[in-house]
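Worksheet for the structure shown next.
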Amino acid sequence: MDGLLALLAIVVLAIPVGVIVLFVMVARLRARTSVLEAEVARLRAGSQSPITPDLAPAAPAPASPPMLADEPIVLEEATIKEAGPAPAVLGARVVVAEPEAAPITEQDRPLVIRRDRLAALVRWLRENWVIAVAAASLALAGVFFVQYGIEKGLLPPPARVAAAILFGLSLIGGGEWLRRRDAGAVDTPSSPIAAALCGAGVVAVFAGVAAGRLMYGLYGPGVTFAGLGLAAAGAIFLGWRHGPLLVAVGLIGGAATPFLLDGGTNAPDWLYVHYLLLVMVGLAVDSFRRWAWVSVLALVLGHLGLNAMFSSGASLSGWLVSLSVSTFLAIILPERTLIPAHDGPGVLRALWRRDGRWPNFPVRLAVGNLIFVVLSLVWFANFGTDGTLAFILLAGLAVGLLVWAERADGLEDLALIAALGFLAKLALARPMIWTFAEQAIALRPPETSAPGTVTFLLVLAALISAASAWRSLRSRALPYALGAVMVAPLAVATLEFLWQPAPVLGDFGWALHVMAVAAGMVGLAVAFARADAKPGRRSAWATLSALSLIALALFLLTSAAALTLALAVLLVTATALDRRFELPEMGWFVQLGAAVLSWRLVADPGINWAEVAPTAAVLAAYLGVAAACWAGLRLLPETRVMPRAVLESLGLAALALLVNVLVLRLLRPAGEAVDPANTWIDLNQTHWGSSLHALPWIILGATQLWRAGAVQGFNRTLRLGIAALAGLVAALGLLAALVPYNPLISPSPEYRGGLVLGPAILDSLALAYALPGLLALVLAGVLKVLPPQVRRALRLAGIVLCITYVGLEIRRLWHGPWIGGSDVLPAELYSYTLAMLLAGAVLLWQALARRSVPLRRIAMAVIGLTVVKVFLWDAAGLTGLLRVVSFAGLGLGLAGLAWLNRWAAQSVSEPRDGV
């Protein structure tokens with residue numbers, strides 16, 4: 001039964017199209033008949049000048065044969081104005097043919113909502129509002145006539161329906177009589193009245209046919225569809241003769257009919273076809289008369305009606321299918337062709353070029369309608385079979401538009417809209433994702449097969465990619481190739497991150513799906529290479545997609561070290577492909593792969609895994625990445641600036657991280673239980689761990705700054721940017737070592753992170769403060785590429801770190817591994833004084849050696865600070881002989897330093913350089 005209903009629906013939908021075709025054939029036959037009649041008249045008159053249907057003869061027209069009294073004479077209005085009064089023809093009717101509207105050629109302005117059209121509508125309503133109200137009243141009279149018969153029981157149901165249809169036909173007859181009576185006149189007062197009568201009649205006929213089905217059940221869906229189809233055909237015919245007002249009245253009345261009859265409740269699915277017929281009516285009339293707003297009105301009313309039927313109880317699947325059918329109607333009917341051939345440009349191309357050429361109205365209409373349809377399919381139907389149907393329809397729209405609309409340049413971006421909708425629905429179908437997750441291996445009964453949802457969705461995505469690849473192979477267009485290599489891989493990525501198929505399908509099962517798509521990308525790369533006679537941009541894109549999918553499959557199956565090595569091999573493969581076939585696109589994969597490898601070396605599995613994993617695996621992972629980067633640098637040409645910089649940075653960072661990891665493994669006490677999940681936190685919560693994590697970034701920034709001094713242009717800017725980012729990360733690590741994880745503020749000896757590890761002098765304090773401090777001082781003097789202000793800041797940071805090391809190391813010598821207590825030993829105070837005096841002496845010596853006045857002033861400031869410390873702090877903290885020795889030593893030291901300062905002041909006449 002459902003199949004029969006579907007067949008009847010298709011037949012009824014074909015009726016208006018057949019009527020349109022018949023109109024076209026009759027119009028063409030009439031034109032050919034006119035040409036033949038003119039040619040016969042020329043031959044009879046013996047004229048030698050041919051007559052064409054478009055050009056009037058330059059010479060006086062020859063005598064025509066006698067005309068019958070009932071044969072109309074069809075004259076153009078312009079011809080009448082030029083020729084003057086028409087010749088007297090006995091009994092003949094003179095009919096003035098309405099001039100056809102000139103096609104709109106200015107496509108860079110709105111075609112529907114324009115100021116002049118709105119002003120004309122307001123002016124017409126102001127002058128003819130009585131006619132509009134009369135048309136609405138007559139239309140409602142036909143509808144309420146049916147309801148009155150129900151309330152009073154005056155007539156049996158068949159007679160009520162027949163009376164409503166006859167009432168509508170009588171209104172149409174009256175309108176036609178008025179039109180024929182004034183057929184020879186132009187813009188008569190009765191013209192809008194005739195259109196209003198016919199419009200009201202069309203509404204009454206729609207109401208009568210629908211009432212017989214909805215209210216009385218007199219006939220089945222087939223008869224209903226046939227009746228509505230005939231009413232639609234009549235509306236097309238009348239709209240052609242009376243103008244757009246009748247079409248608008250008919251469309252609005254037809255859309256409102258189901259609600260005026262029974263309020264639109266418990267709507268059956270066949271009413272979807274009713275609203276599709278309304279859409280066909282408006283689009284068909286506009287396809288001939290070129291009233292653009294009629295198409296817009298038809299689509300708006302159609303979609304409102306479809307949505308209302310769904311809200312009133314009709315099935316969701318029927319609504320989704322009707323939305324998809326409206327897409328093809330909006331493409332076929334405006335151009336009256338089954339195979340689209342819309343002229344370009346498309347919407348996206350016009351927006352990109354901005355050269356003043358804009359898409360024509362049929363293209364805009366198709367794009368706007370498709371956007372609404374795709375948004376509806378994405379937003380609704382997120383569960384069960386309806387959700388699967390929405391995915392099928394979106395994929396079908398994308399594939400259909402790619403294949404079916406191949407010759408339509410103006411519709412070149414419609415498939416992109418549908419494909420993006422498919423990917424968006426993959427991400428937004430939350431109920432389907434939850435249902436899929438509930439079927440995980442750990443949750444479903446034993447010996448139960450995995451659901452095929454993900455497999456089916458990947459097949460749909462692969463079909464879109466295949467259709468896009470077919471389009472690219474036929475047209476050699478790069479955008480279609482890009483769609484071919486991106487839709488299926490993006491679907492895989494969306495499924496991986498949002499659907500998480502591995503717990504449901506198993507790691508191996510999901511990896512097989514990924515590898516199947518990767519194999520398809522390899523096939524596309526081969527096909528594109530053959531079509532281009534050599535590997536080109538299209539094959540490079542397909543190769544990139546294949547490499548990315550292979551990397552994802554390896555991630556699902558291999559161990560931590562094996563995956564890192566596999567990604568490194570893929571990195572070298574990309575550089576080799578670039579060298580062999582000159583494919584700059586491989587640089588994209590190099591940069592992406594380097595980012596992934598950096599993340600793996602640092603974070604996941606990163607330092608956590610490297611500190612507890614077997615030494616051989618750690619060495620293989622980090623040295624393998626460094627070796628891959630070295631090989632890539634050997635293969636890449638010098639012109640690949642960005643990929644070379646990325647590989648160089650990653651290689652150096654891998655080596656620095658390896659040294660970092662080995663030191664961390666040595667510092668961890670032997671036999672201590674290690675929790676891999678907390679290793680990263682433990683290391684970050686120590687002074688030496690924070691500094692060690694900062695050292696690789698210092699080395700990375702220094703190497704980039706060193707190379708930046710030898711290059712120019714973009715390469716220099718890029719390296720400076722990398723160095724700035726690395727410096728920021730390093731500064732955060734060193735700041736953490738100075739403040740929150742400083743062992744001086746360790747809460748208790750039991751807190752392992754606050755202890756100083758290793759032998760005195762060469763302990764964890766040296767790693768945390770002395771090493772980065774000395775490195776900063778060296779880099780400040782070596783890196784000439786830095787501005788003077790940055791070099792001064794870097795030198796100051798090095799001095800602060802070195803001073804911190806000296807101070808903490810002195811305290812460690814007196815207190816042992818835990819230096820977080822509050823007590824200060826007398827000998828410790830004296831040690832600080834000696835250290836400060838020694839520092840002042842060294843600074844004075846450097847001031848003399850450098851002949852630097854600012855450095856000499858800094859040295860005297862340190863000495864002054866030492867004096868303040870002795871008199872304000874040491875005097876209160878020291879006792880006995882130690883106090884005597886302290887002040888005596890201070891006096892002798894200050895005397896010697898004073899002599900050195902005077903001698904330095906006399907020797908330095910002017911500064912040679914600054915600090």
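Ordering of the structure tokens sets the chain letters (A, B, ...); residue numbers start at 1 within each chain; ligands are numbered from 1 in the order shown.
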Checklist entry - Which residues, written as a list of chain:residue names, have at least one atom at most 7 Å from segment 458-471 of chain A, with only C-alpha atoms counted and residues fewer than 3 positions away on the same chain left out? => result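 Surrounding residues, per the criterion: A:Ala395, A:Ala398, A:Val399, A:Leu402, A:Val403, A:Val454, A:Thr455, A:Arg474, A:Ser475, A:Tyr480, A:Ala481, A:Gly483, A:Ala484, A:Val485, A:Val487, A:Ala488, A:Ala491.
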Generate the output file for the selected residues, N, CA and C atoms, as a PDB file, in the first residue's frame.
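To be explicit, this is the file written out as out08.pdb:
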ATOM      1  N   ALA A 395      24.256  13.070   2.836  1.00  0.00           N
ATOM      2  CA  ALA A 395      25.235  12.486   1.922  1.00  0.00           C
ATOM      3  C   ALA A 395      24.674  12.395   0.508  1.00  0.00           C
ATOM      4  N   ALA A 398      24.882  15.791  -1.122  1.00  0.00           N
ATOM      5  CA  ALA A 398      26.251  16.119  -1.519  1.00  0.00           C
ATOM      6  C   ALA A 398      26.663  15.353  -2.772  1.00  0.00           C
ATOM      7  N   VAL A 399      26.431  14.037  -2.778  1.00  0.00           N
ATOM      8  CA  VAL A 399      26.813  13.231  -3.940  1.00  0.00           C
ATOM      9  C   VAL A 399      25.985  13.617  -5.161  1.00  0.00           C
ATOM     10  N   LEU A 402      27.135  16.882  -6.651  1.00  0.00           N
ATOM     11  CA  LEU A 402      28.440  16.749  -7.301  1.00  0.00           C
ATOM     12  C   LEU A 402      28.322  16.103  -8.673  1.00  0.00           C
ATOM     13  N   VAL A 403      27.470  15.100  -8.795  1.00  0.00           N
ATOM     14  CA  VAL A 403      27.358  14.352 -10.048  1.00  0.00           C
ATOM     15  C   VAL A 403      26.317  14.963 -10.970  1.00  0.00           C
ATOM     16  N   VAL A 454      29.049   3.243  12.954  1.00  0.00           N
ATOM     17  CA  VAL A 454      30.249   3.949  12.519  1.00  0.00           C
ATOM     18  C   VAL A 454      30.672   3.497  11.126  1.00  0.00           C
ATOM     19  N   THR A 455      30.572   2.217  10.863  1.00  0.00           N
ATOM     20  CA  THR A 455      30.919   1.712   9.528  1.00  0.00           C
ATOM     21  C   THR A 455      30.037   2.353   8.462  1.00  0.00           C
ATOM     22  N   ARG A 474      37.300  14.943 -13.615  1.00  0.00           N
ATOM     23  CA  ARG A 474      36.662  15.360 -14.875  1.00  0.00           C
ATOM     24  C   ARG A 474      36.907  16.829 -15.186  1.00  0.00           C
ATOM     25  N   SER A 475      36.978  17.656 -14.140  1.00  0.00           N
ATOM     26  CA  SER A 475      37.124  19.098 -14.372  1.00  0.00           C
ATOM     27  C   SER A 475      38.504  19.635 -14.050  1.00  0.00           C
ATOM     28  N   TYR A 480      37.498  20.655  -5.693  1.00  0.00           N
ATOM     29  CA  TYR A 480      36.885  19.331  -5.559  1.00  0.00           C
ATOM     30  C   TYR A 480      37.908  18.305  -5.063  1.00  0.00           C
ATOM     31  N   ALA A 481      39.162  18.438  -5.499  1.00  0.00           N
ATOM     32  CA  ALA A 481      40.202  17.546  -4.986  1.00  0.00           C
ATOM     33  C   ALA A 481      40.394  17.749  -3.494  1.00  0.00           C
ATOM     34  N   GLY A 483      38.106  18.727  -1.385  1.00  0.00           N
ATOM     35  CA  GLY A 483      36.989  18.066  -0.727  1.00  0.00           C
ATOM     36  C   GLY A 483      37.139  16.559  -0.699  1.00  0.00           C
ATOM     37  N   ALA A 484      37.699  15.988  -1.778  1.00  0.00           N
ATOM     38  CA  ALA A 484      37.874  14.543  -1.843  1.00  0.00           C
ATOM     39  C   ALA A 484      38.811  14.031  -0.772  1.00  0.00           C
ATOM     40  N   VAL A 485      39.868  14.778  -0.488  1.00  0.00           N
ATOM     41  CA  VAL A 485      40.877  14.301   0.464  1.00  0.00           C
ATOM     42  C   VAL A 485      40.598  14.763   1.888  1.00  0.00           C
ATOM     43  N   VAL A 487      36.943  15.218   3.295  1.00  0.00           N
ATOM     44  CA  VAL A 487      35.661  14.854   3.899  1.00  0.00           C
ATOM     45  C   VAL A 487      35.780  13.558   4.699  1.00  0.00           C
ATOM     46  N   ALA A 488      36.265  12.494   4.058  1.00  0.00           N
ATOM     47  CA  ALA A 488      36.383  11.213   4.778  1.00  0.00           C
ATOM     48  C   ALA A 488      37.378  11.291   5.938  1.00  0.00           C
ATOM     49  N   ALA A 491      35.780  13.098   8.748  1.00  0.00           N
ATOM     50  CA  ALA A 491      34.788  12.232   9.396  1.00  0.00           C
ATOM     51  C   ALA A 491      35.467  11.268  10.348  1.00  0.00           C
TER      52      ALA A 491
END
Identify, on the basis of only C-alpha atoms, every residue whose closest approach to segment 688-700 of chain A does not exceed 9 Å; exclude the query and any residue fewer than 4 positions from it along the same chain; express the result as a PDB file with N, CA and C atoms, in the first residue's frame.
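Output below, filename out_26.pdb:
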ATOM      1  N   SER A 649      64.361  22.892  15.196  1.00  0.00           N
ATOM      2  CA  SER A 649      63.962  23.123  16.587  1.00  0.00           C
ATOM      3  C   SER A 649      63.596  21.828  17.278  1.00  0.00           C
ATOM      4  N   LEU A 650      62.846  20.951  16.593  1.00  0.00           N
ATOM      5  CA  LEU A 650      62.435  19.692  17.199  1.00  0.00           C
ATOM      6  C   LEU A 650      63.637  18.799  17.485  1.00  0.00           C
ATOM      7  N   LEU A 652      66.831  19.659  18.121  1.00  0.00           N
ATOM      8  CA  LEU A 652      67.567  20.163  19.278  1.00  0.00           C
ATOM      9  C   LEU A 652      66.780  19.956  20.566  1.00  0.00           C
ATOM     10  N   ALA A 653      65.478  20.182  20.502  1.00  0.00           N
ATOM     11  CA  ALA A 653      64.657  19.982  21.698  1.00  0.00           C
ATOM     12  C   ALA A 653      64.654  18.521  22.120  1.00  0.00           C
ATOM     13  N   ALA A 654      64.631  17.588  21.153  1.00  0.00           N
ATOM     14  CA  ALA A 654      64.648  16.164  21.505  1.00  0.00           C
ATOM     15  C   ALA A 654      65.928  15.796  22.240  1.00  0.00           C
ATOM     16  N   LEU A 655      67.070  16.301  21.770  1.00  0.00           N
ATOM     17  CA  LEU A 655      68.339  16.006  22.449  1.00  0.00           C
ATOM     18  C   LEU A 655      68.375  16.632  23.840  1.00  0.00           C
ATOM     19  N   ALA A 656      67.932  17.880  23.948  1.00  0.00           N
ATOM     20  CA  ALA A 656      67.925  18.531  25.258  1.00  0.00           C
ATOM     21  C   ALA A 656      66.989  17.809  26.228  1.00  0.00           C
ATOM     22  N   LEU A 657      65.808  17.383  25.724  1.00  0.00           N
ATOM     23  CA  LEU A 657      64.883  16.655  26.581  1.00  0.00           C
ATOM     24  C   LEU A 657      65.461  15.310  27.017  1.00  0.00           C
ATOM     25  N   VAL A 659      68.668  14.612  27.545  1.00  0.00           N
ATOM     26  CA  VAL A 659      69.603  14.895  28.641  1.00  0.00           C
ATOM     27  C   VAL A 659      68.833  15.194  29.929  1.00  0.00           C
ATOM     28  N   ASN A 660      67.770  15.948  29.775  1.00  0.00           N
ATOM     29  CA  ASN A 660      66.923  16.285  30.918  1.00  0.00           C
ATOM     30  C   ASN A 660      66.380  15.031  31.590  1.00  0.00           C
ATOM     31  N   VAL A 661      65.858  14.118  30.771  1.00  0.00           N
ATOM     32  CA  VAL A 661      65.270  12.895  31.292  1.00  0.00           C
ATOM     33  C   VAL A 661      66.330  12.038  31.988  1.00  0.00           C
ATOM     34  N   VAL A 663      69.068  12.998  33.450  1.00  0.00           N
ATOM     35  CA  VAL A 663      69.414  13.607  34.740  1.00  0.00           C
ATOM     36  C   VAL A 663      68.318  13.332  35.763  1.00  0.00           C
ATOM     37  N   LEU A 664      67.065  13.430  35.337  1.00  0.00           N
ATOM     38  CA  LEU A 664      65.962  13.153  36.249  1.00  0.00           C
ATOM     39  C   LEU A 664      65.997  11.710  36.746  1.00  0.00           C
ATOM     40  N   ASP A 682      55.261  15.436  40.476  1.00  0.00           N
ATOM     41  CA  ASP A 682      56.358  15.420  41.433  1.00  0.00           C
ATOM     42  C   ASP A 682      57.545  16.222  40.909  1.00  0.00           C
ATOM     43  N   LEU A 683      57.876  16.044  39.641  1.00  0.00           N
ATOM     44  CA  LEU A 683      59.020  16.742  39.079  1.00  0.00           C
ATOM     45  C   LEU A 683      58.785  18.243  39.012  1.00  0.00           C
ATOM     46  N   ASN A 684      57.613  18.622  38.708  1.00  0.00           N
ATOM     47  CA  ASN A 684      57.329  20.046  38.627  1.00  0.00           C
ATOM     48  C   ASN A 684      57.306  20.716  39.988  1.00  0.00           C
ATOM     49  N   GLN A 704      67.737  29.172  18.071  1.00  0.00           N
ATOM     50  CA  GLN A 704      66.974  29.948  17.097  1.00  0.00           C
ATOM     51  C   GLN A 704      67.507  31.379  16.981  1.00  0.00           C
ATOM     52  N   LEU A 705      67.895  31.974  18.106  1.00  0.00           N
ATOM     53  CA  LEU A 705      68.475  33.312  18.055  1.00  0.00           C
ATOM     54  C   LEU A 705      69.816  33.316  17.339  1.00  0.00           C
ATOM     55  N   ILE A 722      59.868  31.904  17.376  1.00  0.00           N
ATOM     56  CA  ILE A 722      60.068  30.645  18.101  1.00  0.00           C
ATOM     57  C   ILE A 722      60.902  30.886  19.354  1.00  0.00           C
ATOM     58  N   ALA A 723      61.939  31.708  19.220  1.00  0.00           N
ATOM     59  CA  ALA A 723      62.797  32.000  20.378  1.00  0.00           C
ATOM     60  C   ALA A 723      62.014  32.720  21.469  1.00  0.00           C
ATOM     61  N   LEU A 725      58.789  32.487  22.095  1.00  0.00           N
ATOM     62  CA  LEU A 725      57.900  31.529  22.740  1.00  0.00           C
ATOM     63  C   LEU A 725      58.679  30.605  23.678  1.00  0.00           C
ATOM     64  N   ALA A 726      59.828  30.132  23.217  1.00  0.00           N
ATOM     65  CA  ALA A 726      60.646  29.257  24.070  1.00  0.00           C
ATOM     66  C   ALA A 726      61.133  30.008  25.298  1.00  0.00           C
ATOM     67  N   GLY A 727      61.535  31.272  25.141  1.00  0.00           N
ATOM     68  CA  GLY A 727      61.976  32.060  26.279  1.00  0.00           C
ATOM     69  C   GLY A 727      60.888  32.268  27.309  1.00  0.00           C
ATOM     70  N   LEU A 728      59.650  32.447  26.841  1.00  0.00           N
ATOM     71  CA  LEU A 728      58.542  32.621  27.778  1.00  0.00           C
ATOM     72  C   LEU A 728      58.314  31.359  28.606  1.00  0.00           C
ATOM     73  N   VAL A 729      58.342  30.192  27.945  1.00  0.00           N
ATOM     74  CA  VAL A 729      58.160  28.932  28.672  1.00  0.00           C
ATOM     75  C   VAL A 729      59.298  28.726  29.675  1.00  0.00           C
ATOM     76  N   ALA A 730      60.538  29.016  29.262  1.00  0.00           N
ATOM     77  CA  ALA A 730      61.678  28.866  30.165  1.00  0.00           C
ATOM     78  C   ALA A 730      61.573  29.809  31.353  1.00  0.00           C
ATOM     79  N   ALA A 731      61.150  31.052  31.112  1.00  0.00           N
ATOM     80  CA  ALA A 731      61.020  32.014  32.200  1.00  0.00           C
ATOM     81  C   ALA A 731      59.995  31.551  33.230  1.00  0.00           C
ATOM     82  N   LEU A 732      58.910  30.953  32.777  1.00  0.00           N
ATOM     83  CA  LEU A 732      57.907  30.449  33.722  1.00  0.00           C
ATOM     84  C   LEU A 732      58.481  29.324  34.585  1.00  0.00           C
ATOM     85  N   GLY A 733      59.283  28.429  33.983  1.00  0.00           N
ATOM     86  CA  GLY A 733      59.890  27.364  34.770  1.00  0.00           C
ATOM     87  C   GLY A 733      60.882  27.879  35.791  1.00  0.00           C
ATOM     88  N   LEU A 734      61.732  28.841  35.396  1.00  0.00           N
ATOM     89  CA  LEU A 734      62.709  29.395  36.327  1.00  0.00           C
ATOM     90  C   LEU A 734      62.045  30.198  37.436  1.00  0.00           C
ATOM     91  N   LEU A 735      60.970  30.895  37.083  1.00  0.00           N
ATOM     92  CA  LEU A 735      60.240  31.640  38.105  1.00  0.00           C
ATOM     93  C   LEU A 735      59.621  30.698  39.137  1.00  0.00           C
ATOM     94  N   ALA A 736      59.133  29.553  38.671  1.00  0.00           N
ATOM     95  CA  ALA A 736      58.601  28.564  39.611  1.00  0.00           C
ATOM     96  C   ALA A 736      59.696  28.039  40.528  1.00  0.00           C
ATOM     97  N   ALA A 737      60.919  27.850  39.997  1.00  0.00           N
ATOM     98  CA  ALA A 737      62.028  27.383  40.837  1.00  0.00           C
ATOM     99  C   ALA A 737      62.437  28.436  41.853  1.00  0.00           C
ATOM    100  N   TYR A 741      58.759  26.829  44.533  1.00  0.00           N
ATOM    101  CA  TYR A 741      59.470  25.589  44.834  1.00  0.00           C
ATOM    102  C   TYR A 741      60.887  25.839  45.348  1.00  0.00           C
ATOM    103  N   VAL A 756      67.505  19.382  49.316  1.00  0.00           N
ATOM    104  CA  VAL A 756      68.602  19.585  48.368  1.00  0.00           C
ATOM    105  C   VAL A 756      69.291  18.248  48.169  1.00  0.00           C
ATOM    106  N   SER A 764      71.683  19.756  43.680  1.00  0.00           N
ATOM    107  CA  SER A 764      70.502  20.171  42.919  1.00  0.00           C
ATOM    108  C   SER A 764      70.367  21.687  42.857  1.00  0.00           C
ATOM    109  N   LEU A 765      70.956  22.421  43.817  1.00  0.00           N
ATOM    110  CA  LEU A 765      70.928  23.880  43.737  1.00  0.00           C
ATOM    111  C   LEU A 765      71.718  24.378  42.529  1.00  0.00           C
ATOM    112  N   ALA A 766      72.814  23.695  42.219  1.00  0.00           N
ATOM    113  CA  ALA A 766      73.592  24.081  41.039  1.00  0.00           C
ATOM    114  C   ALA A 766      72.793  23.859  39.769  1.00  0.00           C
ATOM    115  N   LEU A 767      72.055  22.743  39.718  1.00  0.00           N
ATOM    116  CA  LEU A 767      71.208  22.489  38.549  1.00  0.00           C
ATOM    117  C   LEU A 767      70.096  23.512  38.436  1.00  0.00           C
ATOM    118  N   ALA A 768      69.517  23.881  39.576  1.00  0.00           N
ATOM    119  CA  ALA A 768      68.337  24.741  39.550  1.00  0.00           C
ATOM    120  C   ALA A 768      68.680  26.199  39.293  1.00  0.00           C
ATOM    121  N   TYR A 769      69.844  26.682  39.814  1.00  0.00           N
ATOM    122  CA  TYR A 769      70.114  28.115  39.758  1.00  0.00           C
ATOM    123  C   TYR A 769      71.445  28.462  39.095  1.00  0.00           C
ATOM    124  N   LEU A 771      73.460  26.685  36.985  1.00  0.00           N
ATOM    125  CA  LEU A 771      73.549  26.334  35.568  1.00  0.00           C
ATOM    126  C   LEU A 771      72.749  27.277  34.677  1.00  0.00           C
ATOM    127  N   PRO A 772      71.466  27.510  34.940  1.00  0.00           N
ATOM    128  CA  PRO A 772      70.737  28.466  34.083  1.00  0.00           C
ATOM    129  C   PRO A 772      71.244  29.892  34.232  1.00  0.00           C
ATOM    130  N   LEU A 775      74.387  30.143  32.176  1.00  0.00           N
ATOM    131  CA  LEU A 775      73.984  30.069  30.775  1.00  0.00           C
ATOM    132  C   LEU A 775      73.388  31.394  30.305  1.00  0.00           C
ATOM    133  N   ALA A 776      72.614  32.037  31.163  1.00  0.00           N
ATOM    134  CA  ALA A 776      72.045  33.337  30.804  1.00  0.00           C
ATOM    135  C   ALA A 776      73.134  34.397  30.639  1.00  0.00           C
TER     136      ALA A 776
END
Item to check | Nearest to Leu549 of chain A, chosen from A:Gly520, A:Gly313, A:Gly624, A:Gly820, with only C-alpha atoms counted in the distances | outcome: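 Checking each candidate against Leu549 of chain A, we get A:Gly520 as the closest.
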Checklist entry - When distances are computed from only C-alpha atoms, which of A:Val294, A:Ala196, A:Val161, A:Leu783 shows the smallest separation from Tyr216 of chain A? => result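 Nearest to Tyr216 of chain A: A:Val161.
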Checklist entry - For the atom pair atom CA of Arg795 of chain A and atom CA of Thr717 of chain A, what is the interatomic distance in Å to one decimal place? => result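 Separating atom CA of Arg795 of chain A from atom CA of Thr717 of chain A is a distance of 23.4 Å.
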Next on the checklist: I want to know what sits within 7 Å of segment 706-708 of chain A, based on only C-alpha atoms, with residues of the same chain fewer than 6 positions away left out; could you give that as a PyMOL selection string?
Outcome noted: chain A and resi 716+719-720+783
